[in-house]
There are 2 protein chains.
Amino acid sequence: MMTYKSEDIKKMNSIELLKNLYQLNNATMAELVAQTSFSQSSVRSILKSLENKGILTLQNVDQSSGGSCPGRYTFSKEHFQILSVFVDEGTVDLKLKDILDNTIFHKHIVCSLNEELENIIITITEKYVVNCISIASSGVIQDECFYTDHGEYMTKHEIALNLKKRTTIPIIIENDVNSMMMSIKAKQSCNNLAYIYMSETGIGSAYYVEGNIIKGHQSFSGELGLLPYQNQTINEVIASKSAKEVLEDMFVLILVAVAVTIDPEKIIIAMKKDNNLSLTKIKEGVSKSLSKRYLINLEKSTNPLEDGLDGLHYLGILKLFDLYTDYNREKRNG
Amino acid sequence: MMTYKSEDIKKMNSIELLKNLYQLNNATMAELVAQTSFSQSSVRSILKSLENKGILTLQNVDQSSGGSCPGRYTFSKEHFQILSVFVDEGTVDLKLKDILDNTIFHKHIVCSLNEELENIIITITEKYVVNCISIASSGVIQDECFYTDHGEYMTKHEIALNLKKRTTIPIIIENDVNSMMMSIKAKQSCNNLAYIYMSETGIGSAYYVEGNIIKGHQSFSGELGLLPYQNQTINEVIASKSAKEVLEDMFVLILVAVAVTIDPEKIIIAMKKDNNLSLTKIKEGVSKSLSKRYLINLEKSTNPLEDGLDGLHYLGILKLFDLYTDYNREKRNG
């Protein structure tokens with residue numbers, strides 16, 4: 001159990017302020033007060049403390065107000081360079097981007113979760129400033145390892161543990177579909193989300209409910225492909241390249257299952273190739289099954305890999321917000 | 001957006017301490033320090049402040065320690081008398097019970113969510129000390145009203161709003177299956193729960209994930225009865241009094257849907273009459289659908305009404321913990 005201390009409050013408030021500044025890109029103190037409804041004195045105190053640490057920069061660029069020139073706060077981008085590493089079926093995307101969305105490096109290579117990839121990551125960290133490494137792959141995460149499922153057995157991938165022996169840069173790992181989902185969360189303040197990703201071989205999904213990614217007790221949360229559909233599983237239907245009409249009907253079942261459990265505010269269906277699934281037909285099917293009262297907020301994404309990289313970038317930023325506001329540790333260290 | 005203040009920390013810590021004391025029934029300061037891992041000084045300060053307010057009572061009853069007689073804290077039960085009102089298909093259970101589990105009053109009557117019930121509740125509050133009124137019914141809760149679904153239209157029940165005009169006692173309302181689920185939460189520290197209630201006419205469910213009851217964006221969370229099953233809905237299968245084997249197979253689909261979305265630590269199946277459903281057969285079916293790796297923690301309850309009353313009682317206690325630790329309001333009022 002956790003006891004909350006006054007440093008914890010300062011931390012929670014600082015992170016809220018940083019998240020708001022991230023949405024705004026840059027802002028004056030008055031704009032942040034308006035956006036957060038924090039008191040002016042608490043916004044000032046947090047901003048000063050982050051400025052003193054070098055995390056935020058004050059720029060006097062606002063000439064539009066006619067002489068009063070209130071300073072604009074922005075992120076010190078050299079403290080927020082995130083290397084996102086998205087592993088997908090034998091290829092890897094590596095993207096180094098700062099918090100102001102400047103891409104410093106981007107490469108798509110043929111590789112997988114192995115030592116070669118570890119060497120490439122280390123080389124990048126030696127050449128560029130990297131403040132955080134965010135890695136996504138399919139599979140279940142436990143004890144900082146990825147476990148990929150091969151039916152009878154699970155394979156363990158220790159990339160994060162191995163990298164930690166070679167660098168002190170903070171490393172986070174996340175499931176691939178969870179990272180894709182977090183790209184939506186990065187752009188919108190939506191608090192209840194579902195992201196459903198259909199690959200060539202099956203379907204996986206991710207849920208964000210009231211501030212948390214749902215992890216599930218046994219890591220089965222998201223395994224929609226295991227739902228039965230006409231004497232097969234959903235994964236079998238997808239792997240056998242079923243017709244568009246079958247896939248649409250299958251998505252009706254999936255969306256009904258998601259609606260009667262999680263009931264999210266927004267649902268994204270993502271696939272690499274747009275196979276012309278009709279969202280209108282799917283919506284009609286769901287409405288027929290559930291009720292006319294149920295209004296589904298359904299969108300398509302045809303760039304799940306880009307979503308994955310964006311989500312990893314955002315998770316890296318959140319990790320740095322967390323690290324840079326660790327007032328407890330600072331107090332302990334004097 | 002919320003700014004956290006030091007009163008908020010004191011409140012969060014006090015509520016954690018009260019929840020721990022509730023699990024223990026009564027405890028010495030040392031026992032609470034051990035149970036919570038709070039510092040001794042913070043436990044002492046919280047206990048003193050609650051004792052001064054009359055919420056807790058100090059009893060010097062611990063003679064077993066051989067002379068040192070450390071005081072035992074317990075709840076001042078006269079501040080924790082909760083009237084639980086469970087409305088179920090034309091009958092209502094009313095139970096007044098204190099936090100130490102003493103039943104003061106219990107009656108089962110033929111009634112529904114109407115003015116007669118409001119009068120009965122008011123009469124009880126005039127005769128007994130009642131610190132909180134907790135009401136459960138089927139239906140969706142919005143703006144402190146119950147909305148019950150009649151397919152084409154929804155009926156609004158304003159019992160809580162009406163009672164608020166007649167009494168100042170705090171009133172909470174909750175969906176019936178959510179209250180049933182909270183009885184499990186009251187007894188166990190399980191953080192990921194699903195409670196599935198099968199009535200004569202259909203099925204409803206409730207989910208507790210990481211500290212919150214999942215409400216869902218459009219109140220469809222829990223409506224498992226709308227899942228399709230062999231060209232019918234689950235609700236239609238139940239209403240048509242299907243055979244035990246059909247119900248077992250149907251439960252396999254339901255549990256798979258719950259596992260691949262919420263993936264809870266524990267799942268309860270509740271029904272008023274035990275129709276001898278075989279949990280073993282259901283578990284086998286789920287394991288076949290999902291994977292041998294998935295170990296389901298499945299239990300049966302044959303007393304959903306009792307669960308509902310217990311859950312309402314616990315929700316009332318949590319409401320009082322919240323009210324009695326409102327240090328912000330006390331500060332504002334001087």
# chains A, B, ... in the order shown; residues from 1 in each chain; ligands from 1
>>> select_by_dssp(residues="segment 139-191 of chain B", states="strand (DSSP E or B)", output="compact mmCIF listing (two decimals) with N, CA, C and O atoms, in the first residue's frame")
# COMPACT_ATOMS: atom_id res chain seq x y z
N VAL B 140 -30.38 1.65 -15.76
CA VAL B 140 -29.23 2.49 -16.01
C VAL B 140 -29.34 3.72 -15.11
O VAL B 140 -30.44 4.21 -14.90
N ILE B 141 -28.21 4.17 -14.57
CA ILE B 141 -28.26 5.34 -13.69
C ILE B 141 -27.71 6.57 -14.40
O ILE B 141 -26.63 6.52 -14.99
N GLN B 142 -28.50 7.62 -14.39
CA GLN B 142 -28.06 8.88 -14.96
C GLN B 142 -28.70 10.02 -14.18
O GLN B 142 -29.89 9.94 -13.86
N CYS B 145 -30.98 9.28 -11.31
CA CYS B 145 -32.24 8.57 -11.57
C CYS B 145 -31.95 7.19 -12.12
O CYS B 145 -30.92 6.97 -12.74
N PHE B 146 -32.88 6.25 -11.88
CA PHE B 146 -32.83 4.96 -12.55
C PHE B 146 -33.63 5.06 -13.85
O PHE B 146 -34.75 5.58 -13.85
N TYR B 147 -33.08 4.53 -14.93
CA TYR B 147 -33.82 4.44 -16.19
C TYR B 147 -33.97 2.97 -16.52
O TYR B 147 -32.97 2.27 -16.65
N THR B 148 -35.23 2.48 -16.61
CA THR B 148 -35.40 1.07 -16.96
C THR B 148 -35.84 0.97 -18.41
O THR B 148 -36.58 1.80 -18.93
N ASP B 149 -35.33 -0.07 -19.06
CA ASP B 149 -35.44 -0.22 -20.50
C ASP B 149 -36.70 -1.00 -20.86
O ASP B 149 -36.93 -2.09 -20.33
N HIS B 150 -37.53 -0.44 -21.73
CA HIS B 150 -38.70 -1.17 -22.21
C HIS B 150 -38.63 -1.26 -23.73
O HIS B 150 -39.64 -1.08 -24.42
N TYR B 153 -38.84 2.47 -25.37
CA TYR B 153 -38.70 3.66 -24.53
C TYR B 153 -38.06 3.30 -23.19
O TYR B 153 -37.94 2.14 -22.84
N MET B 154 -37.64 4.34 -22.46
CA MET B 154 -37.03 4.15 -21.15
C MET B 154 -37.93 4.83 -20.10
O MET B 154 -38.45 5.92 -20.35
N THR B 155 -38.12 4.18 -18.95
CA THR B 155 -38.88 4.82 -17.87
C THR B 155 -37.91 5.39 -16.84
O THR B 155 -36.94 4.74 -16.48
N LYS B 156 -38.21 6.61 -16.39
CA LYS B 156 -37.34 7.30 -15.43
C LYS B 156 -37.92 7.16 -14.02
O LYS B 156 -39.12 7.34 -13.84
N HIS B 157 -37.07 6.82 -13.05
CA HIS B 157 -37.53 6.69 -11.66
C HIS B 157 -36.75 7.66 -10.79
O HIS B 157 -35.53 7.55 -10.70
N ILE B 171 -27.80 9.84 0.20
CA ILE B 171 -28.46 8.75 -0.54
C ILE B 171 -27.56 8.35 -1.71
O ILE B 171 -27.06 9.22 -2.42
N ILE B 172 -27.34 7.06 -1.88
CA ILE B 172 -26.64 6.63 -3.09
C ILE B 172 -27.50 5.61 -3.83
O ILE B 172 -28.25 4.86 -3.22
N ILE B 173 -27.42 5.64 -5.15
CA ILE B 173 -28.14 4.64 -5.93
C ILE B 173 -27.13 3.89 -6.81
O ILE B 173 -26.12 4.44 -7.21
N GLU B 174 -27.42 2.64 -7.05
CA GLU B 174 -26.51 1.82 -7.85
C GLU B 174 -27.31 0.78 -8.62
O GLU B 174 -28.40 0.38 -8.19
N ASN B 175 -26.79 0.39 -9.73
CA ASN B 175 -27.39 -0.69 -10.51
C ASN B 175 -27.36 -2.00 -9.71
O ASN B 175 -26.44 -2.24 -8.94
>>> residues_around(residues="segment 272-286 of chain A", least_positions_apart="5", cutoff="12 Å", atoms="only C-alpha atoms", output="MDAnalysis selection string")
(chainID A and resid 88 197:200 241:260 267 291:308) or (chainID B and resid 226:228)
>>> closest_residue(among="B:Val209, B:Ile46, B:Leu94, B:Val129", to="chain A", atoms="only C-alpha atoms")
B:Val209
>>> interface_residues(of="chain A", to="chain B", cutoff="7 Å", atoms="only C-alpha atoms", output="JSON, numbers by chain")
{"A": [1, 3, 4, 5, 6, 9, 13, 36, 37, 38, 216, 217, 218, 220, 221, 222, 223, 224, 226, 227, 256, 257, 258, 259, 260, 261, 262, 263, 264, 265, 289, 290]}
>>> residues_around(residues="Asn25 of chain A", least_positions_apart="5", cutoff="12 Å", atoms="only C-alpha atoms", output="list in words")
Leu17, Leu18, Lys19, Asn20, Glu31, Leu32, Leu56, Arg72, Tyr73, Thr74, Phe75, Ser76, Lys77, Ile99, Leu100, Asp101 and Lys187 of chain A
>>> write_last_selection(atoms="C-alpha atoms", output="PDB file, in the first residue's frame")
ATOM      1  CA  LEU A  17       0.494  20.653 -16.267  1.00  0.00           C
ATOM      2  CA  LEU A  18       3.072  19.012 -18.555  1.00  0.00           C
ATOM      3  CA  LYS A  19       0.342  17.026 -20.331  1.00  0.00           C
ATOM      4  CA  ASN A  20      -1.576  20.232 -20.920  1.00  0.00           C
ATOM      5  CA  GLU A  31      -3.017  30.097 -21.007  1.00  0.00           C
ATOM      6  CA  LEU A  32      -1.979  27.234 -18.721  1.00  0.00           C
ATOM      7  CA  LEU A  56      11.100  23.832 -19.825  1.00  0.00           C
ATOM      8  CA  ARG A  72       5.863  31.536 -23.545  1.00  0.00           C
ATOM      9  CA  TYR A  73       6.897  28.233 -22.021  1.00  0.00           C
ATOM     10  CA  THR A  74       7.942  25.386 -24.234  1.00  0.00           C
ATOM     11  CA  PHE A  75       9.750  22.079 -23.766  1.00  0.00           C
ATOM     12  CA  SER A  76      13.541  21.972 -23.840  1.00  0.00           C
ATOM     13  CA  LYS A  77      13.546  19.575 -26.750  1.00  0.00           C
ATOM     14  CA  ILE A  99       8.718  16.263 -28.182  1.00  0.00           C
ATOM     15  CA  LEU A 100       8.148  19.114 -30.676  1.00  0.00           C
ATOM     16  CA  ASP A 101       7.670  16.486 -33.407  1.00  0.00           C
ATOM     17  CA  LYS A 187      -4.046  13.326 -29.788  1.00  0.00           C
TER      18      LYS A 187
END
>>> residues_around(residues="Thr201 of chain A", least_positions_apart="4", cutoff="8 Å", atoms="only C-alpha atoms", output="list in words")
Asn235, Glu236, Ile238 and Ala239 of chain A
>>> atom_distance(atom1="atom CA of His108 of chain A", atom2="atom CA of Val92 of chain A")
5.8 Å
>>> atom_distance(atom1="atom CA of Ile234 of chain A", atom2="atom CA of Ile196 of chain A")
12.7 Å
>>> select_by_dssp(residues="segment 247-294 of chain B", states="helix (DSSP H, G or I)", output="list in words")
Leu247, Glu248, Asp249, Met250, Phe251, Val252, Leu253, Ile254, Leu255, Val256, Ala257, Val258, Ala259, Leu279, Thr280, Lys281, Ile282, Lys283, Glu284, Gly285, Val286, Ser287, Lys288 and Ser289 of chain B
>>> residues_around(residues="Ile104 of chain A", least_positions_apart="4", cutoff="10 Å", atoms="only C-alpha atoms", output="compact mmCIF listing (two decimals) with all heavy atoms, in the first residue's frame")
# COMPACT_ATOMS: atom_id res chain seq x y z
N GLN A 81 14.10 13.52 -26.38
CA GLN A 81 14.32 12.81 -27.65
C GLN A 81 14.05 11.33 -27.42
O GLN A 81 14.78 10.68 -26.64
CB GLN A 81 15.73 13.07 -28.16
CG GLN A 81 15.99 14.56 -28.36
CD GLN A 81 17.09 14.90 -29.35
OE1 GLN A 81 17.13 16.01 -29.85
NE2 GLN A 81 17.97 13.97 -29.66
N ILE A 82 13.01 10.83 -28.06
CA ILE A 82 12.58 9.44 -27.81
C ILE A 82 12.85 8.57 -29.01
O ILE A 82 12.47 8.90 -30.14
CB ILE A 82 11.08 9.43 -27.45
CG1 ILE A 82 10.90 10.07 -26.07
CG2 ILE A 82 10.53 8.01 -27.42
CD1 ILE A 82 9.98 11.22 -26.06
N LEU A 83 13.50 7.44 -28.76
CA LEU A 83 13.74 6.47 -29.82
C LEU A 83 12.64 5.41 -29.75
O LEU A 83 12.56 4.65 -28.79
CB LEU A 83 15.11 5.80 -29.65
CG LEU A 83 15.44 4.70 -30.67
CD1 LEU A 83 15.48 5.25 -32.10
CD2 LEU A 83 16.76 4.01 -30.33
N LYS A 95 12.56 5.08 -35.00
CA LYS A 95 12.32 6.50 -35.24
C LYS A 95 12.74 7.31 -34.02
O LYS A 95 12.26 7.05 -32.91
CB LYS A 95 10.84 6.72 -35.54
CG LYS A 95 10.52 8.08 -36.11
CD LYS A 95 9.05 8.14 -36.54
CE LYS A 95 8.77 9.35 -37.41
NZ LYS A 95 7.40 9.30 -37.97
N LEU A 96 13.63 8.27 -34.24
CA LEU A 96 14.05 9.16 -33.15
C LEU A 96 13.40 10.50 -33.39
O LEU A 96 13.58 11.11 -34.45
CB LEU A 96 15.58 9.29 -33.13
CG LEU A 96 16.18 10.20 -32.05
CD1 LEU A 96 15.88 9.67 -30.64
CD2 LEU A 96 17.69 10.34 -32.23
N LYS A 97 12.59 10.95 -32.43
CA LYS A 97 11.80 12.17 -32.62
C LYS A 97 11.79 12.93 -31.30
O LYS A 97 11.77 12.32 -30.23
CB LYS A 97 10.37 11.76 -33.02
CG LYS A 97 9.57 12.84 -33.69
CD LYS A 97 8.29 12.30 -34.36
CE LYS A 97 7.22 12.00 -33.36
NZ LYS A 97 5.87 11.89 -33.98
N ASP A 98 11.82 14.27 -31.39
CA ASP A 98 11.74 15.02 -30.13
C ASP A 98 10.29 15.40 -29.84
O ASP A 98 9.38 15.16 -30.64
CB ASP A 98 12.69 16.23 -30.14
CG ASP A 98 12.24 17.35 -31.06
OD1 ASP A 98 11.02 17.46 -31.33
OD2 ASP A 98 13.11 18.11 -31.52
N TYR A 128 23.40 9.73 -31.30
CA TYR A 128 22.44 10.81 -31.05
C TYR A 128 22.13 10.91 -29.56
O TYR A 128 22.36 9.97 -28.80
CB TYR A 128 21.12 10.53 -31.78
CG TYR A 128 21.24 10.40 -33.28
CD1 TYR A 128 21.37 9.14 -33.87
CD2 TYR A 128 21.21 11.53 -34.11
CE1 TYR A 128 21.48 9.00 -35.25
CE2 TYR A 128 21.32 11.39 -35.49
CZ TYR A 128 21.45 10.13 -36.05
OH TYR A 128 21.54 10.00 -37.41
N VAL A 129 21.57 12.07 -29.15
CA VAL A 129 21.03 12.19 -27.79
C VAL A 129 19.71 11.42 -27.76
O VAL A 129 18.80 11.70 -28.55
CB VAL A 129 20.77 13.67 -27.42
CG1 VAL A 129 20.04 13.76 -26.07
CG2 VAL A 129 22.07 14.45 -27.38
>>> residues_around(residues="Leu58 of chain A", least_positions_apart="4", cutoff="12 Å", atoms="only C-alpha atoms", output="mmCIF file with N, CA and C atoms, in the first residue's frame")
data_model
loop_
_atom_site.group_PDB
_atom_site.id
_atom_site.type_symbol
_atom_site.label_atom_id
_atom_site.label_comp_id
_atom_site.auth_asym_id
_atom_site.auth_seq_id
_atom_site.Cartn_x
_atom_site.Cartn_y
_atom_site.Cartn_z
ATOM 1 N N ASN A 26 3.147 25.048 -26.885
ATOM 2 C CA ASN A 26 3.803 26.064 -26.064
ATOM 3 C C ASN A 26 2.699 26.960 -25.519
ATOM 4 N N ALA A 27 2.945 27.645 -24.399
ATOM 5 C CA ALA A 27 1.853 28.397 -23.766
ATOM 6 C C ALA A 27 2.386 29.410 -22.775
ATOM 7 N N THR A 28 1.624 30.473 -22.578
ATOM 8 C CA THR A 28 1.952 31.437 -21.525
ATOM 9 C C THR A 28 1.387 30.908 -20.205
ATOM 10 N N MET A 29 1.823 31.508 -19.125
ATOM 11 C CA MET A 29 1.323 31.095 -17.816
ATOM 12 C C MET A 29 -0.198 31.250 -17.762
ATOM 13 N N LEU A 47 5.965 25.777 -12.956
ATOM 14 C CA LEU A 47 6.720 26.189 -14.142
ATOM 15 C C LEU A 47 8.145 26.596 -13.762
ATOM 16 N N LYS A 48 8.250 27.377 -12.684
ATOM 17 C CA LYS A 48 9.587 27.832 -12.233
ATOM 18 C C LYS A 48 10.465 26.629 -11.921
ATOM 19 N N LEU A 50 10.276 23.569 -12.992
ATOM 20 C CA LEU A 50 10.659 22.817 -14.197
ATOM 21 C C LEU A 50 11.647 23.616 -15.054
ATOM 22 N N GLU A 51 11.493 24.939 -15.033
ATOM 23 C CA GLU A 51 12.432 25.787 -15.785
ATOM 24 C C GLU A 51 13.827 25.697 -15.153
ATOM 25 N N ASN A 52 13.853 25.747 -13.824
ATOM 26 C CA ASN A 52 15.139 25.663 -13.121
ATOM 27 C C ASN A 52 15.862 24.339 -13.397
ATOM 28 N N GLY A 54 15.711 22.855 -16.168
ATOM 29 C CA GLY A 54 16.083 22.828 -17.577
ATOM 30 C C GLY A 54 15.108 22.050 -18.463
ATOM 31 N N ASP A 62 6.078 36.439 -27.665
ATOM 32 C CA ASP A 62 4.686 36.825 -27.897
ATOM 33 C C ASP A 62 4.565 38.335 -28.030
ATOM 34 N N CYS A 69 4.265 41.509 -23.651
ATOM 35 C CA CYS A 69 5.211 40.411 -23.869
ATOM 36 C C CYS A 69 5.250 39.313 -22.815
ATOM 37 N N PRO A 70 4.164 38.631 -22.563
ATOM 38 C CA PRO A 70 4.245 37.549 -21.584
ATOM 39 C C PRO A 70 5.105 36.421 -22.152
ATOM 40 N N GLY A 71 5.933 35.822 -21.307
ATOM 41 C CA GLY A 71 6.799 34.743 -21.784
ATOM 42 C C GLY A 71 6.000 33.508 -22.157
ATOM 43 N N ARG A 72 6.497 32.803 -23.160
ATOM 44 C CA ARG A 72 5.863 31.536 -23.545
ATOM 45 C C ARG A 72 6.764 30.402 -23.096
ATOM 46 N N TYR A 73 6.146 29.412 -22.436
ATOM 47 C CA TYR A 73 6.897 28.233 -22.021
ATOM 48 C C TYR A 73 6.821 27.172 -23.110
ATOM 49 N N THR A 74 7.943 26.533 -23.333
ATOM 50 C CA THR A 74 7.942 25.386 -24.234
ATOM 51 C C THR A 74 8.897 24.331 -23.670
ATOM 52 N N PHE A 75 8.871 23.138 -24.259
ATOM 53 C CA PHE A 75 9.750 22.079 -23.766
ATOM 54 C C PHE A 75 11.180 22.292 -24.244
ATOM 55 N N SER A 76 12.142 21.996 -23.405
ATOM 56 C CA SER A 76 13.541 21.972 -23.840
ATOM 57 C C SER A 76 13.714 20.674 -24.608
#
>>> atom_distance(atom1="atom CA of Glu116 of chain B", atom2="atom CA of Tyr314 of chain B")
25.5 Å
>>> closest_residue(among="A:Glu158, A:Asp176, A:Asp326, A:Glu78", to="Glu118 of chain A", atoms="only C-alpha atoms")
A:Glu158
